[in-house]
Structures are given as structure tokens and as C-alpha cells.
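Encoded as C-alpha cells, the structure appears first; notes follow it.
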Number of protein chains: 2
Amino acid sequence: MEHSVNYLLRLQYDGSRYEGWQKQKNTDRTIQGKLESVLGQLAGCPVQVNGSGRTDAGVHALGQAASVCLPGDIPKEEILAYANRYLPEDIKVLSVSAVDQRFHARLWAKEKTYCYRIDTGSKKDVFERKYVYGFPFSLDIAAMEQAARFLEGTHDYKSFCGNKKMKKSTVRTVRSISLCQQEGKISLYFTGDGFLQHMVRIMTGTLIEVGLGKRSPESMKEILEAGDRRAAGFTAPPEGLFLVSVEY
Amino acid sequence: MEHSVNYLLRLQYDGSRYEGWQKQKNTDRTIQGKLESVLGQLAGCPVQVNGSGRTDAGVHALGQAASVCLPGDIPKEEILAYANRYLPEDIKVLSVSAVDQRFHARLWAKEKTYCYRIDTGSKKDVFERKYVYGFPFSLDIAAMEQAARFLEGTHDYKSFCGNKKMKKSTVRTVRSISLCQQEGKISLYFTGDGFLQHMVRIMTGTLIEVGLGKRSPESMKEILEAGDRRAAGFTAPPEGLFLVSVEY
């Protein structure tokens with residue numbers, strides 16, 4: 001592509017209907033696939049959209065980031081309008097900005113924030129039923145807060161990794177985990193330099209088990225030391241998870 | 001039913017999948033139908049659920065009210081738990097309270113509040129797409145506020161009635177219409193002693209036309225005086241409408 005411009009896109013999507021971010025051979029129900037199809041139509045040639053990272057099937061995004069090279073003669077306002085017109089109603093491009101040609105949404109990402117939402121009511125609020133994990137039990141928030149302190153920092157998070165075949169380093173830095181409770185709903189915010197596959201969902205499941213009294217806050221240390229997925233708690237389901245933002 | 005108790009139910013529902021509140025012969029996709037089916041199962045005999053009023057196909061409720069007689073030997077906690085367990089995930093019973101045997105949710109209703117939500121952004125927020133009307137144009141809120149003043153009070157609202165065959169009185173009292181704007185979203189709240197078929201949606205459509213500059217705020221007087229549906233504006237679509245509460 002001659003005279004191409006590299007763009008950073010900020011995206012919002014409802015992951016309910018999708019097989020996740022990453023394009024797959026056997027399905028066109030992926031976010032990346034939808035974006036490449038619509039932007040390829042606009043560009044008049046195949047394009048590659050690089051996300052800041054994959055989100056699993058059913059996981060949502062309030063602020064996913066992605067980079068894509070497009071012909072330089074298309075104004076960015078037109079890219080935004082065209083994408084939002086032709087993308088389905090559950091994917092929305094929030095903004096389009098020209099960036100350095102070398103910029104890559106995954107490689108340049110410095111920090112990400114995820115939010116996991118839990119509804120502890122007897123039945124989920126009907127308007128949020130696809131965007132929250134319904135867990136109708138009382139949770140000890142103070143204990144969960146204490147446990148979260150042990151999970152912050154720079155650690156080997158192998159016990160919190162859903163990929164058994166992971167060969168690369170499983171060391172990450174989680175800068176903060178904060179909990180927020182409001183009217184029977186609990187939101188857990190995770191900010192860090194990167195997260196392993198299912199890591200936020202396994203940390204959430206483990207913190208929920210602390211909230212139930214099944215594990216002590218201090219036991220988080222042993223889980224980290226074990227370096228074994230079986231030492232940690234259950235994987236919380238995808239519908240409660242949101243990729244909130246990506247920092248560069 | 002011997003030793004029956006009359007109950008007031010407060011309900012929340014996402015109307016997207018339904019043909020409206022009122023039970024119909026040819027479909028089981030009605031809110032009343034779902035409630036009568038589940039509560040009839042609990043009671044062990046057919047029951048009749050009386051709503052405070054019908055909501056149209058696609059209209060939502062944050063606080064619909066309904067009354068139903070059930071056998072007196074079932075604790076109200078059990079009614080709540082059973083209903084929420086067997087009702088689909090888009091209908092939720094918020095509360096169950098025993099009331100006077102003569103209580104009737106429609107006949108005893110004193111005041112209702114509806115909310116109509118409009119998203120004026122270029123594309124709807126993906127997480128609210130089923131709960132807001134997407135109207136991507138700039139609206140003059142001050143003019144809409146002015147127009148709303150003319151629609152408040154006790155008037156013959158025949159021009160705002162969607163039922164051409166309406167034979168009963170079309171006089172109603174609208175105590176207040178208030179507008180609230182926040183981040184490209186506009187919420188219109190309507191409180192009154194009762195509303196005619198489509199009345200809130202026609203008032204909203206008419207106020208939107210004022211917001212676009214197609215009608216003047218003062219022209220509301222003429223519309224009321226006309227007593228003719230054709231004098232008012234368009235009927236705003238159902239997805240933006242919520243029955244917020246019913247007062248007794």
C-alpha cells in the first residue's frame with residue numbers, strides 16, 4: 001500500500017455473540033475478523049488489524065486498542081463513520097488517530113486495565129444480565145481486599161495462567177487490584193503491564209473463594225509459589241469481564 | 001381459591017423479546033403470560049395477574065406493578081424465589097407484598113412515571129443499544145424544555161393517543177415532564193395520573209421535532225387543541241421507553 005498511514009483505533013464491543021477477538025479459520029464471529037472485513041472494504045484491499053491483545057469468547061471491551069495501516073487518502077473522520085456504519089451494532093469504533101508508522105497496538109502497550117463485575121443479588125438485574133457474573137452469595141469484601149494485596153506486584157503468575165502449554169515467561173507486574181462495592185454489585189479493577197490467558201478470570205475466581213471463606217488472604221502467597229494452575233481457584237466466566245483501557 | 005392472599009408484585013423486565021405486557025392468544029411471548037404461567041405452576045391452579053397497565057411490544061420496565069391472588073399458605077419469600085427461578089432471565093420480580101384483598105394494580109394506580117432515553121451520538125453505546133433510541137442529530141434541549149411546559153397540566157391528550165378507536169375520555173393530568181442531558185444522552189421523565197396508548201412515545205417524538213427546530217414550543221398548544229393524532233409528531237420507537245414506577 002503506497003502512502004499508507006498507521007492508525008490507532010479505540011473500540012468498544014459486546015463480546016456476547018463472538019468467539020473472541022482473534023480471527024479464526026472456521027468462524028466469522030470474531031471482532032478482529034469483523035474489523036478486517038469492514039476496513040478491507042474501505043481500503044479496497046486486505047488489511048491487518050492488530051489488537052492490543054486477544055480477548056476470550058464472551059469477554060467485552062470498553063476500550064480495546066488496535067492498529068491498522070490504511071491508504072493515506074482516506075480522512076480519519078471517514079474511517080470512523082464508515083466503520084461504525086458497516087460494523088454490527090455490538091462493535092463500535094470510539095476514535096481513530098494517526099500514529100507513528102512503527103506503532104503496533106500489542107508490542108507498544110505499556111499497561112492495561114480490566115474490570116470484572118459480579119452481581120451478588122438473588123437474580124441478576126435484567127438490563128445487565130449479559131454484562132455481569134451472577135453469583136448470589138454473600139462475599140467478605142475485606143478479606144478479598146486483603147488477598148488482593150498479595151496478588152499485586154511483580155510475580156510469576158504461572159498458577160493463574162489458563163494456558164498449560166505456555167512456554168514464554170509467566171512473570172508479570174500487576175500494579176493494582178481494587179474492589180468497589182455498590183448496591184449488591186462488586187467491581188474488581190486490575191491494572192498491570194500484561195495479563196496471561198484467563199489470568200484476570202482466575203484471579204477473580206480465587207478472590208471469590210477468599211470472599212466465601214474457602215481460602216485465606218495469606219494463602220495467595222502459596223498459590224503464587226506453587227506455580228501450578230491447580231493451586232488457584234476457579235476461572236470466573238467471561239460475561240463479567242471487560243477490557244477497560246490500554247495505555248501507551 | 002380458599003384462604004387466598006392478594007399480592008402486589010414489583011417487576012423489572014427487558015421488553016426486547018416480548019409482544020408486550022398483555023397476554024395474547026397466538027403467542028406466549030408476553031410478560032403477563034410468562035408470569036401467569038410460572039405463578040400458576042406455583043399455585044397449582046390458573047391465576048390471573050393484573051398489571052398497572054399494558055406496556056407495548058419492546059417497551060421495558062424498571063418498576064412495573066401487578067397484583068395477583070395466590071394460596072395463603074405460600075410464604076411471600078417463596079413466591080419471590082420461585083418466580084425468579086422459573087421466569088426467564090429478562091423478567092425479574094423485585095418484591096412481593098401482601099395487600100388489601102380489594103387492591104387491583106390498574107384500578108388503584110394513582111400516578112406513573114415513564115422515562116424515554118435518547119442517544120444522540122453517531123452510533124449507540126453497544127452496551128445500551130437495546131435500551132435507548134439512537135437519534136444521531138443535535139437537539140435544542142432548551143426548546144424541548146419550553147415545549148414540555150405546554151404539555152404539562154390537565155388536558156385532552158387525544159392528539160397524543162395512538163388508538164384511533166378510543167371511546168373513553170382522553171383527558172389526563174401530566175404532573176411533570178423533565179429532561180436530563182448527560183454525555184450525549186437525553187432522558188425525558190413523564191409523571192402523570194395515566195397515559196393513553198403510545199402517549200409517551202408520541203409526546204417524545206413531538207418534543208424531538210421541537211428539538212430539531214421543525215416545530216415551535218408554542219405550537220404544542222395548537223396540537224392539544226386540534227384533538228387529532230395527525231397534528232402531533234412521530235411515535236418514538238419502543239426500545240427507548242421504560243415504565244419507571246407506579247404509585248398507589
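All residue names refer to the C-alpha cells as shown: chains lettered A, B, ... in order, residues numbered from 1 in each chain, ligands numbered from 1 in order.
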### Task
Please identify which residues in stretch 13-239 of chain B DSSP calls strand (DSSP E) from the backbone, and express them as a PyMOL selection string.
chain B and resi 13+49-51+60-71+91-99+111-119+133-134+153-156+171-182+185-192
For the reference chain A, what are the coordinates of chain B after least-squares fitting (all Cα, in-order pairing), as a JSON list (two decimals) with C-alpha atoms, in the first residue's frame?
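Now in out-v2.json:
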[["chain", "number", "residue", "atom", "x", "y", "z"],
["B", 1, "MET", "CA", 0.04, -0.01, 0.01],
["B", 2, "GLU", "CA", 1.65, 3.27, -1.06],
["B", 3, "HIS", "CA", 1.32, 6.37, 1.09],
["B", 4, "SER", "CA", -0.32, 4.41, 3.86],
["B", 5, "VAL", "CA", -0.99, 5.83, 7.30],
["B", 6, "ASN", "CA", -0.87, 3.85, 10.53],
["B", 7, "TYR", "CA", -3.89, 4.35, 12.79],
["B", 8, "LEU", "CA", -4.70, 3.61, 16.41],
["B", 9, "LEU", "CA", -8.34, 2.64, 16.89],
["B", 10, "ARG", "CA", -10.11, 2.65, 20.24],
["B", 11, "LEU", "CA", -13.00, 0.19, 20.32],
["B", 12, "GLN", "CA", -15.97, -0.85, 22.38],
["B", 13, "TYR", "CA", -17.66, -4.21, 21.97],
["B", 14, "ASP", "CA", -20.21, -6.53, 23.50],
["B", 15, "GLY", "CA", -18.44, -9.89, 23.30],
["B", 16, "SER", "CA", -21.57, -12.00, 23.95],
["B", 17, "ARG", "CA", -22.06, -13.08, 20.34],
["B", 18, "TYR", "CA", -18.39, -13.57, 19.47],
["B", 19, "GLU", "CA", -15.77, -16.30, 19.56],
["B", 20, "GLY", "CA", -13.35, -13.73, 20.92],
["B", 21, "TRP", "CA", -11.01, -11.14, 19.44],
["B", 22, "GLN", "CA", -8.77, -13.31, 17.31],
["B", 23, "LYS", "CA", -9.62, -14.18, 13.73],
["B", 24, "GLN", "CA", -10.23, -17.88, 13.16],
["B", 25, "LYS", "CA", -10.51, -20.07, 10.11],
["B", 26, "ASN", "CA", -13.85, -21.69, 10.87],
["B", 27, "THR", "CA", -15.92, -18.72, 12.02],
["B", 28, "ASP", "CA", -16.52, -15.13, 11.05],
["B", 29, "ARG", "CA", -17.77, -14.39, 14.57],
["B", 30, "THR", "CA", -14.60, -12.69, 15.81],
["B", 31, "ILE", "CA", -14.02, -9.01, 16.49],
["B", 32, "GLN", "CA", -10.76, -8.89, 14.53],
["B", 33, "GLY", "CA", -12.44, -10.65, 11.61],
["B", 34, "LYS", "CA", -15.33, -8.16, 11.53],
["B", 35, "LEU", "CA", -12.93, -5.19, 11.65],
["B", 36, "GLU", "CA", -10.65, -6.55, 8.92],
["B", 37, "SER", "CA", -13.63, -7.24, 6.71],
["B", 38, "VAL", "CA", -15.13, -3.75, 7.04],
["B", 39, "LEU", "CA", -11.81, -1.85, 6.90],
["B", 40, "GLY", "CA", -10.66, -4.02, 3.96],
["B", 41, "GLN", "CA", -13.81, -2.98, 2.11],
["B", 42, "LEU", "CA", -12.99, 0.67, 2.79],
["B", 43, "ALA", "CA", -9.33, 0.29, 1.78],
["B", 44, "GLY", "CA", -10.13, -1.73, -1.31],
["B", 45, "CYS", "CA", -7.54, -4.34, -0.34],
["B", 46, "PRO", "CA", -6.95, -6.81, 2.53],
["B", 47, "VAL", "CA", -5.81, -5.15, 5.76],
["B", 48, "GLN", "CA", -4.43, -6.50, 9.01],
["B", 49, "VAL", "CA", -5.80, -5.23, 12.34],
["B", 50, "ASN", "CA", -3.50, -5.81, 15.32],
["B", 51, "GLY", "CA", -5.20, -5.75, 18.70],
["B", 52, "SER", "CA", -3.50, -4.87, 21.98],
["B", 53, "GLY", "CA", -4.22, -8.47, 22.92],
["B", 54, "ARG", "CA", -6.81, -11.17, 22.48],
["B", 55, "THR", "CA", -9.99, -11.16, 24.46],
["B", 56, "ASP", "CA", -11.65, -14.55, 25.05],
["B", 57, "ALA", "CA", -15.02, -15.61, 23.69],
["B", 58, "GLY", "CA", -17.74, -13.69, 25.54],
["B", 59, "VAL", "CA", -15.41, -11.04, 27.02],
["B", 60, "HIS", "CA", -16.36, -7.39, 26.46],
["B", 61, "ALA", "CA", -14.33, -4.23, 25.82],
["B", 62, "LEU", "CA", -14.93, -0.64, 26.83],
["B", 63, "GLY", "CA", -11.60, 0.50, 25.40],
["B", 64, "GLN", "CA", -9.76, -2.11, 23.34],
["B", 65, "ALA", "CA", -6.94, -0.67, 21.21],
["B", 66, "ALA", "CA", -5.90, -1.84, 17.76],
["B", 67, "SER", "CA", -3.59, -0.62, 15.00],
["B", 68, "VAL", "CA", -4.13, -0.80, 11.26],
["B", 69, "CYS", "CA", -2.48, 0.61, 8.13],
["B", 70, "LEU", "CA", -4.88, 2.23, 5.68],
["B", 71, "PRO", "CA", -4.44, 4.21, 2.43],
["B", 72, "GLY", "CA", -3.38, 7.76, 3.26],
["B", 73, "ASP", "CA", -6.04, 9.43, 1.14],
["B", 74, "ILE", "CA", -8.94, 8.47, 3.41],
["B", 75, "PRO", "CA", -9.68, 11.13, 6.06],
["B", 76, "LYS", "CA", -9.84, 9.68, 9.58],
["B", 77, "GLU", "CA", -13.36, 11.04, 10.06],
["B", 78, "GLU", "CA", -14.38, 8.91, 7.10],
["B", 79, "ILE", "CA", -12.71, 5.82, 8.58],
["B", 80, "LEU", "CA", -14.67, 6.33, 11.81],
["B", 81, "ALA", "CA", -17.99, 6.93, 10.06],
["B", 82, "TYR", "CA", -17.56, 4.07, 7.58],
["B", 83, "ALA", "CA", -16.53, 1.57, 10.26],
["B", 84, "ASN", "CA", -19.42, 2.45, 12.54],
["B", 85, "ARG", "CA", -21.86, 2.31, 9.69],
["B", 86, "TYR", "CA", -20.86, -1.15, 8.49],
["B", 87, "LEU", "CA", -19.80, -2.82, 11.73],
["B", 88, "PRO", "CA", -22.60, -4.63, 13.61],
["B", 89, "GLU", "CA", -24.33, -2.77, 16.43],
["B", 90, "ASP", "CA", -22.30, -4.63, 19.07],
["B", 91, "ILE", "CA", -18.95, -3.25, 17.88],
["B", 92, "LYS", "CA", -18.24, 0.49, 17.92],
["B", 93, "VAL", "CA", -15.13, 2.42, 16.97],
["B", 94, "LEU", "CA", -14.73, 5.20, 19.54],
["B", 95, "SER", "CA", -11.84, 7.04, 17.91],
["B", 96, "VAL", "CA", -9.29, 6.93, 15.11],
["B", 97, "SER", "CA", -5.90, 8.66, 15.41],
["B", 98, "ALA", "CA", -2.88, 8.68, 13.12],
["B", 99, "VAL", "CA", 0.21, 7.27, 14.85],
["B", 100, "ASP", "CA", 3.90, 6.55, 14.16],
["B", 101, "GLN", "CA", 4.40, 4.09, 11.28],
["B", 102, "ARG", "CA", 6.21, 1.73, 13.68],
["B", 103, "PHE", "CA", 3.39, 1.75, 16.24],
["B", 104, "HIS", "CA", 1.92, -1.71, 16.98],
["B", 105, "ALA", "CA", -1.03, -1.99, 19.38],
["B", 106, "ARG", "CA", 0.28, -5.13, 21.11],
["B", 107, "LEU", "CA", 4.03, -4.52, 21.11],
["B", 108, "TRP", "CA", 3.77, -0.90, 22.28],
["B", 109, "ALA", "CA", 1.18, -1.47, 25.04],
["B", 110, "LYS", "CA", 2.53, -0.37, 28.44],
["B", 111, "GLU", "CA", -0.38, -1.05, 30.74],
["B", 112, "LYS", "CA", -3.88, -2.49, 30.63],
["B", 113, "THR", "CA", -6.87, -2.22, 32.92],
["B", 114, "TYR", "CA", -9.57, -4.87, 33.19],
["B", 115, "CYS", "CA", -12.76, -4.80, 35.21],
["B", 116, "TYR", "CA", -14.61, -7.87, 36.45],
["B", 117, "ARG", "CA", -18.23, -7.32, 37.52],
["B", 118, "ILE", "CA", -20.14, -9.56, 39.94],
["B", 119, "ASP", "CA", -23.83, -9.30, 40.90],
["B", 120, "THR", "CA", -24.44, -10.93, 44.29],
["B", 121, "GLY", "CA", -28.22, -10.41, 44.18],
["B", 122, "SER", "CA", -30.65, -13.35, 44.07],
["B", 123, "LYS", "CA", -31.24, -12.71, 40.37],
["B", 124, "LYS", "CA", -29.24, -10.51, 38.02],
["B", 125, "ASP", "CA", -30.53, -7.06, 37.07],
["B", 126, "VAL", "CA", -32.26, -7.83, 33.74],
["B", 127, "PHE", "CA", -30.62, -4.94, 31.90],
["B", 128, "GLU", "CA", -27.11, -6.02, 32.89],
["B", 129, "ARG", "CA", -27.59, -9.75, 32.64],
["B", 130, "LYS", "CA", -25.10, -10.15, 29.80],
["B", 131, "TYR", "CA", -22.52, -7.87, 31.38],
["B", 132, "VAL", "CA", -22.10, -9.25, 34.86],
["B", 133, "TYR", "CA", -21.43, -12.58, 36.56],
["B", 134, "GLY", "CA", -24.37, -13.63, 38.71],
["B", 135, "PHE", "CA", -23.03, -15.05, 41.96],
["B", 136, "PRO", "CA", -25.88, -14.95, 44.50],
["B", 137, "PHE", "CA", -23.84, -15.40, 47.67],
["B", 138, "SER", "CA", -22.54, -13.03, 50.27],
["B", 139, "LEU", "CA", -18.84, -12.22, 49.91],
["B", 140, "ASP", "CA", -16.40, -10.92, 52.54],
["B", 141, "ILE", "CA", -15.05, -7.88, 50.73],
["B", 142, "ALA", "CA", -12.48, -7.03, 53.41],
["B", 143, "ALA", "CA", -10.90, -10.50, 53.06],
["B", 144, "MET", "CA", -10.89, -10.13, 49.26],
["B", 145, "GLU", "CA", -9.17, -6.74, 49.61],
["B", 146, "GLN", "CA", -6.51, -8.31, 51.84],
["B", 147, "ALA", "CA", -5.95, -11.17, 49.41],
["B", 148, "ALA", "CA", -5.66, -8.71, 46.52],
["B", 149, "ARG", "CA", -2.66, -7.09, 48.25],
["B", 150, "PHE", "CA", -0.73, -10.39, 47.94],
["B", 151, "LEU", "CA", -1.53, -10.64, 44.23],
["B", 152, "GLU", "CA", -0.17, -7.17, 43.44],
["B", 153, "GLY", "CA", 3.47, -6.67, 42.50],
["B", 154, "THR", "CA", 5.89, -8.44, 40.19],
["B", 155, "HIS", "CA", 5.40, -12.19, 40.38],
["B", 156, "ASP", "CA", 5.47, -15.38, 38.37],
["B", 157, "TYR", "CA", 1.74, -15.81, 37.73],
["B", 158, "LYS", "CA", 2.00, -19.34, 36.31],
["B", 159, "SER", "CA", -0.65, -20.56, 38.79],
["B", 160, "PHE", "CA", -3.04, -18.02, 37.26],
["B", 161, "CYS", "CA", -2.38, -18.97, 33.65],
["B", 162, "GLY", "CA", -5.03, -20.91, 31.74],
["B", 163, "ASN", "CA", -2.65, -21.96, 28.98],
["B", 164, "LYS", "CA", -0.94, -25.20, 30.01],
["B", 165, "LYS", "CA", 1.44, -25.07, 27.06],
["B", 166, "MET", "CA", 2.69, -21.54, 27.83],
["B", 167, "LYS", "CA", 6.41, -21.57, 27.10],
["B", 168, "LYS", "CA", 7.26, -17.88, 27.45],
["B", 169, "SER", "CA", 7.81, -16.07, 30.74],
["B", 170, "THR", "CA", 4.82, -15.98, 33.06],
["B", 171, "VAL", "CA", 6.26, -13.12, 35.10],
["B", 172, "ARG", "CA", 4.08, -10.01, 35.06],
["B", 173, "THR", "CA", 3.65, -6.85, 37.10],
["B", 174, "VAL", "CA", 0.19, -6.18, 38.49],
["B", 175, "ARG", "CA", 0.31, -2.58, 39.64],
["B", 176, "SER", "CA", -3.05, -2.55, 41.40],
["B", 177, "ILE", "CA", -6.15, -4.56, 42.17],
["B", 178, "SER", "CA", -9.02, -2.54, 43.60],
["B", 179, "LEU", "CA", -12.51, -3.53, 44.66],
["B", 180, "CYS", "CA", -15.60, -1.39, 44.55],
["B", 181, "GLN", "CA", -18.94, -2.41, 46.04],
["B", 182, "GLN", "CA", -22.24, -0.76, 45.20],
["B", 183, "GLU", "CA", -25.81, -1.97, 45.71],
["B", 184, "GLY", "CA", -25.10, -5.68, 45.66],
["B", 185, "LYS", "CA", -22.62, -5.36, 42.80],
["B", 186, "ILE", "CA", -18.87, -5.76, 43.10],
["B", 187, "SER", "CA", -16.38, -4.50, 40.53],
["B", 188, "LEU", "CA", -12.76, -5.65, 40.62],
["B", 189, "TYR", "CA", -10.26, -3.49, 38.70],
["B", 190, "PHE", "CA", -6.92, -4.99, 37.63],
["B", 191, "THR", "CA", -4.14, -2.81, 36.22],
["B", 192, "GLY", "CA", -0.84, -4.26, 35.05],
["B", 193, "ASP", "CA", 1.77, -4.42, 32.32],
["B", 194, "GLY", "CA", 0.20, -7.52, 30.82],
["B", 195, "PHE", "CA", -2.02, -10.45, 31.70],
["B", 196, "LEU", "CA", -1.69, -14.15, 30.87],
["B", 197, "GLN", "CA", -4.50, -16.16, 29.29],
["B", 198, "HIS", "CA", -7.49, -16.29, 31.69],
["B", 199, "MET", "CA", -5.35, -14.58, 34.35],
["B", 200, "VAL", "CA", -7.93, -11.96, 35.36],
["B", 201, "ARG", "CA", -10.71, -14.56, 35.43],
["B", 202, "ILE", "CA", -8.63, -16.99, 37.53],
["B", 203, "MET", "CA", -7.59, -14.21, 39.94],
["B", 204, "THR", "CA", -11.27, -13.25, 40.21],
["B", 205, "GLY", "CA", -12.37, -16.85, 40.85],
["B", 206, "THR", "CA", -9.66, -17.20, 43.50],
["B", 207, "LEU", "CA", -10.66, -13.91, 45.17],
["B", 208, "ILE", "CA", -14.31, -15.05, 45.17],
["B", 209, "GLU", "CA", -13.22, -18.22, 47.02],
["B", 210, "VAL", "CA", -11.50, -15.96, 49.57],
["B", 211, "GLY", "CA", -14.73, -13.95, 49.83],
["B", 212, "LEU", "CA", -16.61, -17.17, 50.60],
["B", 213, "GLY", "CA", -14.13, -18.07, 53.34],
["B", 214, "LYS", "CA", -12.83, -21.11, 51.46],
["B", 215, "ARG", "CA", -9.32, -19.67, 51.26],
["B", 216, "SER", "CA", -7.42, -17.26, 53.48],
["B", 217, "PRO", "CA", -5.98, -14.00, 52.14],
["B", 218, "GLU", "CA", -2.49, -15.22, 53.12],
["B", 219, "SER", "CA", -2.87, -18.38, 51.05],
["B", 220, "MET", "CA", -2.36, -16.24, 47.95],
["B", 221, "LYS", "CA", 1.38, -16.40, 48.64],
["B", 222, "GLU", "CA", 1.35, -20.19, 48.47],
["B", 223, "ILE", "CA", -0.65, -20.15, 45.28],
["B", 224, "LEU", "CA", 1.90, -17.87, 43.62],
["B", 225, "GLU", "CA", 4.75, -20.03, 44.88],
["B", 226, "ALA", "CA", 3.14, -23.26, 43.66],
["B", 227, "GLY", "CA", 3.48, -22.29, 40.00],
["B", 228, "ASP", "CA", 0.64, -24.70, 39.30],
["B", 229, "ARG", "CA", -2.78, -23.84, 37.85],
["B", 230, "ARG", "CA", -4.40, -26.39, 40.19],
["B", 231, "ALA", "CA", -3.33, -24.38, 43.23],
["B", 232, "ALA", "CA", -5.55, -21.40, 42.27],
["B", 233, "GLY", "CA", -9.32, -21.05, 42.23],
["B", 234, "PHE", "CA", -11.92, -21.43, 39.50],
["B", 235, "THR", "CA", -11.99, -19.46, 36.26],
["B", 236, "ALA", "CA", -14.77, -16.87, 36.57],
["B", 237, "PRO", "CA", -16.99, -16.87, 33.44],
["B", 238, "PRO", "CA", -16.31, -14.45, 30.57],
["B", 239, "GLU", "CA", -19.54, -12.40, 30.71],
["B", 240, "GLY", "CA", -18.36, -10.38, 33.73],
["B", 241, "LEU", "CA", -15.04, -9.33, 32.16],
["B", 242, "PHE", "CA", -14.31, -6.01, 30.43],
["B", 243, "LEU", "CA", -11.07, -4.75, 28.91],
["B", 244, "VAL", "CA", -11.36, -1.17, 30.13],
["B", 245, "SER", "CA", -8.32, 0.59, 28.66],
["B", 246, "VAL", "CA", -4.86, 0.21, 27.18],
["B", 247, "GLU", "CA", -2.11, 2.73, 27.87],
["B", 248, "TYR", "CA", 0.82, 3.50, 25.52]]
### Task
Any chance you could list, as a ChimeraX atom specification, the residues in stretch 13-152 of chain B that come up helix (DSSP H, G or I) when DSSP is run on the backbone?
/B:15-17,31-43,76-86,126-128,141-151
